[in-house]
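*Asks:* The structure follows.
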Amino acid sequence: MTGASFSDQFLPKSVDFGNRCGHTPELPDLSLRLPVNGGTVSDDKKRRGGIPGILLALLGRLDQYYWKPSIIPSLNLANGSRRQQRSERREGCLKILAAMVKFLDLTTLKVGIPQTSREFQGLTIPFLASHAGLSFSRASRAMKDLQTAGLVTVATRAEPDGEGGYRGVAAVKAIRKEVFAIFGLVRRLKYERERASKRQAKKQQDWKAEQNNQKGTLGDLARVKALIQGLLDPESKKHHSSPTGAAESIEIQKNRAKAARLRKLIEERPELTPDEVILLLKNEAE
């Protein structure tokens, strides 16, 4: 499923058989146009990087349906006919299903790209079709067959358009766990989903910690900025109890000097936190 097809490698381009779109029943093209990242195998024989191993295993077994449609009766009869599903249609179903597996999130079994903020970016049919190497119409038919067969689910979504209405966004597609069961991977799926869930929780925890640190840093800087601005703003001393005139002018000069010193301390001591800088300034004044 992940490499070039047998027909691409060994058949001369001049061979003239199969149907008009180039499909040959005896030599199906079950590969993806944009291959899956299978990672690399190091000297210790362990695979690193790429999609999870269980997804690679599933991709390697999907073609069983092409040669033996009876293993998924619901898909074989998805077109409403008692006759066996046509080979070209089986090929399309397997290619679009493989494209979905390529982008499957094990934790949720949704197809798309999880975000660290717990949002989920769904994928459109044109996007999946481009990875599968199918036309939009053929990919759409295949997706409909997979839905009818109960192998995948598609949930449409909409979001506010900012003008009082709504606009459609990529529907969230998901692969049902029965697909893994059909190909003998359901027990492994449970184990791998638990591991994926822990990895996702760790990423979420790290992301929240990073966000909290950024909020704290921004808040500290805002307070220092406000302090400097307050020292430089004559209006902040509008209701000061000191006499006006020369005494007020001296107070403003002192505040300007404090603001300048505060800026200089921030530049000279970058290792200090804003709170430490303010404390140092107070100690100098004393």
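By order in the structure tokens, chains are A, B, ...; within a chain, residues start at 1; ligands start at 1, following the order shown.
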Residues at most 9 Å from range 77-91 of chain A, counting only C-alpha atoms, excluding those fewer than 6 positions away in the same chain, as a PyMOL selection string?
*Replies:* chain A and resi 19+23-25+28-30+63+65-67+69-70+138+141-142+144-149
*Asks:* Include N, CA, C and O atoms and write out the residues we just selected as an mmCIF file, in the first residue's frame.
*Replies:*
data_model
loop_
_atom_site.group_PDB
_atom_site.id
_atom_site.type_symbol
_atom_site.label_atom_id
_atom_site.label_comp_id
_atom_site.auth_asym_id
_atom_site.auth_seq_id
_atom_site.Cartn_x
_atom_site.Cartn_y
_atom_site.Cartn_z
ATOM 1 N N ASN A 19 -9.734 -1.027 -18.282
ATOM 2 C CA ASN A 19 -10.792 -0.127 -18.739
ATOM 3 C C ASN A 19 -10.228 1.225 -19.159
ATOM 4 O O ASN A 19 -9.022 1.448 -19.166
ATOM 5 N N HIS A 23 -7.574 1.226 -15.221
ATOM 6 C CA HIS A 23 -7.665 0.180 -14.202
ATOM 7 C C HIS A 23 -7.581 -1.193 -14.846
ATOM 8 O O HIS A 23 -8.244 -1.488 -15.841
ATOM 9 N N THR A 24 -6.741 -2.033 -14.273
ATOM 10 C CA THR A 24 -6.590 -3.411 -14.733
ATOM 11 C C THR A 24 -6.938 -4.340 -13.578
ATOM 12 O O THR A 24 -6.226 -4.354 -12.563
ATOM 13 N N PRO A 25 -8.022 -5.105 -13.667
ATOM 14 C CA PRO A 25 -8.462 -5.950 -12.552
ATOM 15 C C PRO A 25 -7.379 -6.860 -11.996
ATOM 16 O O PRO A 25 -7.267 -7.053 -10.790
ATOM 17 N N PRO A 28 -4.155 -4.333 -9.930
ATOM 18 C CA PRO A 28 -4.697 -3.090 -9.372
ATOM 19 C C PRO A 28 -3.594 -2.165 -8.856
ATOM 20 O O PRO A 28 -2.520 -2.616 -8.454
ATOM 21 N N ASP A 29 -3.877 -0.885 -8.894
ATOM 22 C CA ASP A 29 -2.969 0.105 -8.310
ATOM 23 C C ASP A 29 -3.516 0.467 -6.940
ATOM 24 O O ASP A 29 -4.427 1.276 -6.804
ATOM 25 N N LEU A 30 -2.963 -0.127 -5.909
ATOM 26 C CA LEU A 30 -3.439 0.097 -4.547
ATOM 27 C C LEU A 30 -2.506 1.004 -3.738
ATOM 28 O O LEU A 30 -2.642 1.122 -2.529
ATOM 29 N N ASP A 63 -5.241 -4.664 1.291
ATOM 30 C CA ASP A 63 -5.442 -5.239 -0.043
ATOM 31 C C ASP A 63 -6.079 -6.633 0.002
ATOM 32 O O ASP A 63 -6.504 -7.164 -1.031
ATOM 33 N N TYR A 65 -8.919 -7.270 1.037
ATOM 34 C CA TYR A 65 -10.303 -7.091 0.594
ATOM 35 C C TYR A 65 -10.396 -7.106 -0.924
ATOM 36 O O TYR A 65 -11.374 -7.626 -1.482
ATOM 37 N N TYR A 66 -9.401 -6.550 -1.585
ATOM 38 C CA TYR A 66 -9.469 -6.508 -3.052
ATOM 39 C C TYR A 66 -9.557 -7.918 -3.623
ATOM 40 O O TYR A 66 -10.339 -8.188 -4.539
ATOM 41 N N TRP A 67 -8.730 -8.814 -3.091
ATOM 42 C CA TRP A 67 -8.670 -10.164 -3.640
ATOM 43 C C TRP A 67 -9.754 -11.074 -3.060
ATOM 44 O O TRP A 67 -10.084 -12.101 -3.654
ATOM 45 N N PRO A 69 -13.319 -10.044 -1.541
ATOM 46 C CA PRO A 69 -14.338 -9.090 -1.085
ATOM 47 C C PRO A 69 -15.262 -9.639 -0.004
ATOM 48 O O PRO A 69 -15.848 -8.861 0.748
ATOM 49 N N SER A 70 -15.370 -10.930 0.101
ATOM 50 C CA SER A 70 -16.302 -11.508 1.084
ATOM 51 C C SER A 70 -15.892 -11.246 2.518
ATOM 52 O O SER A 70 -16.698 -11.437 3.436
ATOM 53 N N ARG A 138 -14.414 10.116 -8.021
ATOM 54 C CA ARG A 138 -14.165 8.728 -7.645
ATOM 55 C C ARG A 138 -13.937 8.606 -6.136
ATOM 56 O O ARG A 138 -14.399 7.658 -5.494
ATOM 57 N N ARG A 141 -17.341 8.846 -4.367
ATOM 58 C CA ARG A 141 -18.094 7.578 -4.432
ATOM 59 C C ARG A 141 -17.534 6.569 -3.442
ATOM 60 O O ARG A 141 -18.284 5.846 -2.767
ATOM 61 N N ALA A 142 -16.212 6.524 -3.373
ATOM 62 C CA ALA A 142 -15.574 5.580 -2.448
ATOM 63 C C ALA A 142 -15.920 5.924 -1.000
ATOM 64 O O ALA A 142 -16.214 5.037 -0.188
ATOM 65 N N LYS A 144 -18.575 7.445 0.070
ATOM 66 C CA LYS A 144 -19.973 7.094 0.286
ATOM 67 C C LYS A 144 -20.125 5.596 0.518
ATOM 68 O O LYS A 144 -20.892 5.149 1.391
ATOM 69 N N ASP A 145 -19.404 4.785 -0.248
ATOM 70 C CA ASP A 145 -19.459 3.330 -0.063
ATOM 71 C C ASP A 145 -18.955 2.944 1.330
ATOM 72 O O ASP A 145 -19.542 2.086 1.997
ATOM 73 N N LEU A 146 -17.866 3.576 1.766
ATOM 74 C CA LEU A 146 -17.299 3.265 3.076
ATOM 75 C C LEU A 146 -18.263 3.650 4.202
ATOM 76 O O LEU A 146 -18.367 2.941 5.212
ATOM 77 N N GLN A 147 -18.978 4.761 4.015
ATOM 78 C CA GLN A 147 -19.995 5.160 4.993
ATOM 79 C C GLN A 147 -21.155 4.166 5.011
ATOM 80 O O GLN A 147 -21.603 3.736 6.082
ATOM 81 N N THR A 148 -21.629 3.817 3.826
ATOM 82 C CA THR A 148 -22.752 2.877 3.729
ATOM 83 C C THR A 148 -22.396 1.542 4.365
ATOM 84 O O THR A 148 -23.241 0.900 5.003
ATOM 85 N N ALA A 149 -21.147 1.150 4.221
ATOM 86 C CA ALA A 149 -20.700 -0.127 4.775
ATOM 87 C C ALA A 149 -20.480 -0.066 6.277
ATOM 88 O O ALA A 149 -20.230 -1.101 6.920
#
*Asks:* Mind the document's chain letters and residue numbers, and return as a VMD selection string the residues of range 23-243 of chain A that DSSP labels alpha helix (DSSP H).
*Replies:* chain A and resid 53 to 61 63 to 67 73 to 76 87 to 102 125 to 132 136 to 148 178 to 182 186 to 232
*Asks:* Which value, in Å to one decimal, gives the distance between CA of Ala260 in chain A and CA of Thr273 in chain A?
*Replies:*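 Calculated distance between CA of Ala260 in chain A and CA of Thr273 in chain A is 17.5 Å.
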*Asks:* Leaving out Gly122 in chain A and any residue of its chain fewer than 2 positions from it, which residues lie within 9 Å of it when counting only C-alpha atoms, given as a list in words?
*Replies:*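 Once the nearby chain positions are removed, what remains is Lys110, Val111, Gly112, Ile113, Pro114, Phe120, Thr124, Val169, Ala170, Ala171, Val172 and Lys173 of chain A.
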*Asks:* Determine, counting only C-alpha atoms, which protein, DNA and RNA residues have an atom within 10 Å of an atom of Leu62 in chain A; residues of the same chain fewer than 3 positions away are not included. Present the result as a list in words.
*Replies:*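 Counting only the stated atoms, we get Met1, Leu30, Ala57, Leu58, Leu59, Tyr65, Tyr66, Trp67, Leu94, Lys95, Leu97, Ala98, Val179, Phe180, Ile182 and Phe183 of chain A.
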*Asks:* Please provide as a count of residues only all residues within 7 Å of Arg33 in chain A, with the sequence filter that same-chain residues fewer than 3 positions apart are discarded (counting only C-alpha atoms).
*Replies:* 3
*Asks:* Using only C-alpha atoms, determine which residues lie at most 12 Å from Gly50 in chain A, disregarding the query and same-chain residues fewer than 5 positions distant; provide the list as a count of residues only.
*Replies:* 11
*Asks:* Kindly give the distance, in Å, that separates CA of Met143 in chain A and CA of Pro160 in chain A, rounded to a single decimal.
*Replies:*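 CA of Pro160 in chain A lies at a distance of 26.8 Å from CA of Met143 in chain A.
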*Asks:* Would you mind reading off the distance between CA of Val101 in chain A and CA of Ile175 in chain A, one decimal, in Å?
*Replies:*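 Atom-to-atom, CA of Val101 in chain A and CA of Ile175 in chain A are spaced 7.9 Å apart.
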*Asks:* Need the shell around Ala174 in chain A: protein/DNA/RNA residues with any atom at most 9 Å away, counting only C-alpha atoms. Skip same-chain ones fewer than 6 positions apart. Format as a compact mmCIF listing (two decimals) with N, CA, C and O atoms, in the first residue's frame?
*Replies:*
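File out-v5.txt, as written:
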# COMPACT_ATOMS: atom_id res chain seq x y z
N MET A 100 -7.00 7.79 4.49
CA MET A 100 -7.54 8.12 5.81
C MET A 100 -6.68 7.53 6.92
O MET A 100 -6.43 8.17 7.94
N LEU A 104 -4.67 9.12 10.44
CA LEU A 104 -5.54 8.71 11.55
C LEU A 104 -4.92 9.04 12.90
O LEU A 104 -3.75 8.75 13.15
N ASP A 105 -5.71 9.66 13.76
CA ASP A 105 -5.31 9.92 15.14
C ASP A 105 -5.78 8.73 15.99
O ASP A 105 -6.98 8.51 16.15
N THR A 108 -8.43 9.20 19.05
CA THR A 108 -9.85 9.44 18.77
C THR A 108 -10.37 8.65 17.58
O THR A 108 -11.59 8.59 17.37
N LEU A 109 -9.46 8.06 16.78
CA LEU A 109 -9.78 7.39 15.52
C LEU A 109 -10.38 8.38 14.51
O LEU A 109 -11.06 7.97 13.56
N LYS A 110 -10.10 9.66 14.71
CA LYS A 110 -10.50 10.67 13.75
C LYS A 110 -9.41 10.86 12.70
O LYS A 110 -8.23 10.63 12.98
N VAL A 111 -9.83 11.29 11.53
CA VAL A 111 -8.89 11.50 10.43
C VAL A 111 -8.59 12.99 10.34
O VAL A 111 -9.50 13.81 10.12
N GLY A 112 -7.35 13.36 10.55
CA GLY A 112 -7.00 14.77 10.49
C GLY A 112 -5.72 15.04 11.24
O GLY A 112 -4.91 14.14 11.46
N LEU A 151 -17.99 1.48 7.81
CA LEU A 151 -16.56 1.43 8.13
C LEU A 151 -16.02 2.79 8.56
O LEU A 151 -15.04 2.86 9.31
N VAL A 152 -16.62 3.85 8.07
CA VAL A 152 -16.20 5.19 8.45
C VAL A 152 -17.42 6.04 8.78
O VAL A 152 -18.55 5.72 8.37
N THR A 153 -17.20 7.10 9.52
CA THR A 153 -18.27 8.05 9.83
C THR A 153 -17.82 9.43 9.37
O THR A 153 -16.62 9.75 9.36
N VAL A 154 -18.79 10.26 9.00
CA VAL A 154 -18.51 11.62 8.54
C VAL A 154 -19.49 12.56 9.24
O VAL A 154 -20.70 12.42 9.08
N ALA A 155 -18.96 13.48 10.03
CA ALA A 155 -19.79 14.44 10.76
C ALA A 155 -19.56 15.84 10.20
O ALA A 155 -18.44 16.37 10.28
*Asks:* DSSP on the backbone: which residues in range 49-197 of chain A end up as strand (DSSP E)? Give the answer as a list in words.
*Replies:*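 These are the residues in question: Leu104, Asp105, Lys110, Val111, Gly112, Ile113, Pro114, Phe120, Gln121, Gly122, Val152, Thr153, Val154, Ala155, Thr156, Arg157, Ala158, Glu159, Pro160, Tyr166, Arg167, Gly168, Val169, Ala170, Ala171, Val172, Lys173, Ala174 and Ile175 of chain A.
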*Asks:* Keeping only N, CA and C atoms, write those residues as a short mmCIF file (atom, residue, chain, number, x, y, z; two decimals), in the first residue's frame.
*Replies:*
data_model
loop_
_atom_site.label_atom_id
_atom_site.label_comp_id
_atom_site.auth_asym_id
_atom_site.auth_seq_id
_atom_site.Cartn_x
_atom_site.Cartn_y
_atom_site.Cartn_z
N LEU A 104 -4.67 9.12 10.44
CA LEU A 104 -5.54 8.71 11.55
C LEU A 104 -4.92 9.04 12.90
N ASP A 105 -5.71 9.66 13.76
CA ASP A 105 -5.31 9.92 15.14
C ASP A 105 -5.78 8.73 15.99
N LYS A 110 -10.10 9.66 14.71
CA LYS A 110 -10.50 10.67 13.75
C LYS A 110 -9.41 10.86 12.70
N VAL A 111 -9.83 11.29 11.53
CA VAL A 111 -8.89 11.50 10.43
C VAL A 111 -8.59 12.99 10.34
N GLY A 112 -7.35 13.36 10.55
CA GLY A 112 -7.00 14.77 10.49
C GLY A 112 -5.72 15.04 11.24
N ILE A 113 -5.57 16.28 11.65
CA ILE A 113 -4.35 16.71 12.31
C ILE A 113 -4.70 17.30 13.68
N PRO A 114 -4.40 16.59 14.77
CA PRO A 114 -4.71 17.12 16.11
C PRO A 114 -3.85 18.34 16.41
N PHE A 120 -9.14 20.11 16.51
CA PHE A 120 -8.84 19.05 15.54
C PHE A 120 -9.13 19.57 14.14
N GLN A 121 -8.14 19.49 13.29
CA GLN A 121 -8.29 19.96 11.92
C GLN A 121 -8.69 18.79 11.02
N GLY A 122 -9.94 18.81 10.58
CA GLY A 122 -10.41 17.75 9.68
C GLY A 122 -9.85 17.93 8.28
N VAL A 152 -16.62 3.85 8.07
CA VAL A 152 -16.20 5.19 8.45
C VAL A 152 -17.42 6.04 8.78
N THR A 153 -17.20 7.10 9.52
CA THR A 153 -18.27 8.05 9.83
C THR A 153 -17.82 9.43 9.37
N VAL A 154 -18.79 10.26 9.00
CA VAL A 154 -18.51 11.62 8.54
C VAL A 154 -19.49 12.56 9.24
N ALA A 155 -18.96 13.48 10.03
CA ALA A 155 -19.79 14.44 10.76
C ALA A 155 -19.56 15.84 10.20
N THR A 156 -20.58 16.41 9.59
CA THR A 156 -20.46 17.75 9.03
C THR A 156 -20.39 18.79 10.15
N ARG A 157 -19.70 19.89 9.86
CA ARG A 157 -19.54 20.94 10.86
C ARG A 157 -19.74 22.32 10.22
N ALA A 158 -20.00 23.31 11.06
CA ALA A 158 -20.11 24.69 10.61
C ALA A 158 -19.59 25.59 11.73
N GLU A 159 -19.10 26.75 11.35
CA GLU A 159 -18.60 27.71 12.33
C GLU A 159 -19.08 29.10 11.96
N PRO A 160 -19.19 30.03 12.94
CA PRO A 160 -19.65 31.38 12.65
C PRO A 160 -18.77 32.05 11.60
N TYR A 166 -23.22 31.23 9.19
CA TYR A 166 -22.28 30.12 9.41
C TYR A 166 -21.69 29.68 8.09
N ARG A 167 -20.49 29.15 8.15
CA ARG A 167 -19.86 28.60 6.96
C ARG A 167 -19.41 27.17 7.26
N GLY A 168 -19.46 26.34 6.25
CA GLY A 168 -19.07 24.95 6.43
C GLY A 168 -17.56 24.80 6.51
N VAL A 169 -17.11 23.88 7.33
CA VAL A 169 -15.68 23.56 7.42
C VAL A 169 -15.53 22.06 7.15
N ALA A 170 -14.29 21.63 7.01
CA ALA A 170 -14.05 20.22 6.68
C ALA A 170 -14.73 19.29 7.68
N ALA A 171 -15.54 18.38 7.16
CA ALA A 171 -16.24 17.42 8.02
C ALA A 171 -15.23 16.53 8.74
N VAL A 172 -15.56 16.18 9.97
CA VAL A 172 -14.68 15.29 10.73
C VAL A 172 -14.98 13.85 10.35
N LYS A 173 -13.99 13.20 9.79
CA LYS A 173 -14.13 11.81 9.36
C LYS A 173 -13.43 10.91 10.37
N ALA A 174 -13.97 9.74 10.58
CA ALA A 174 -13.38 8.80 11.54
C ALA A 174 -13.49 7.39 11.00
N ILE A 175 -12.53 6.55 11.37
CA ILE A 175 -12.54 5.14 11.00
C ILE A 175 -13.01 4.34 12.20
#
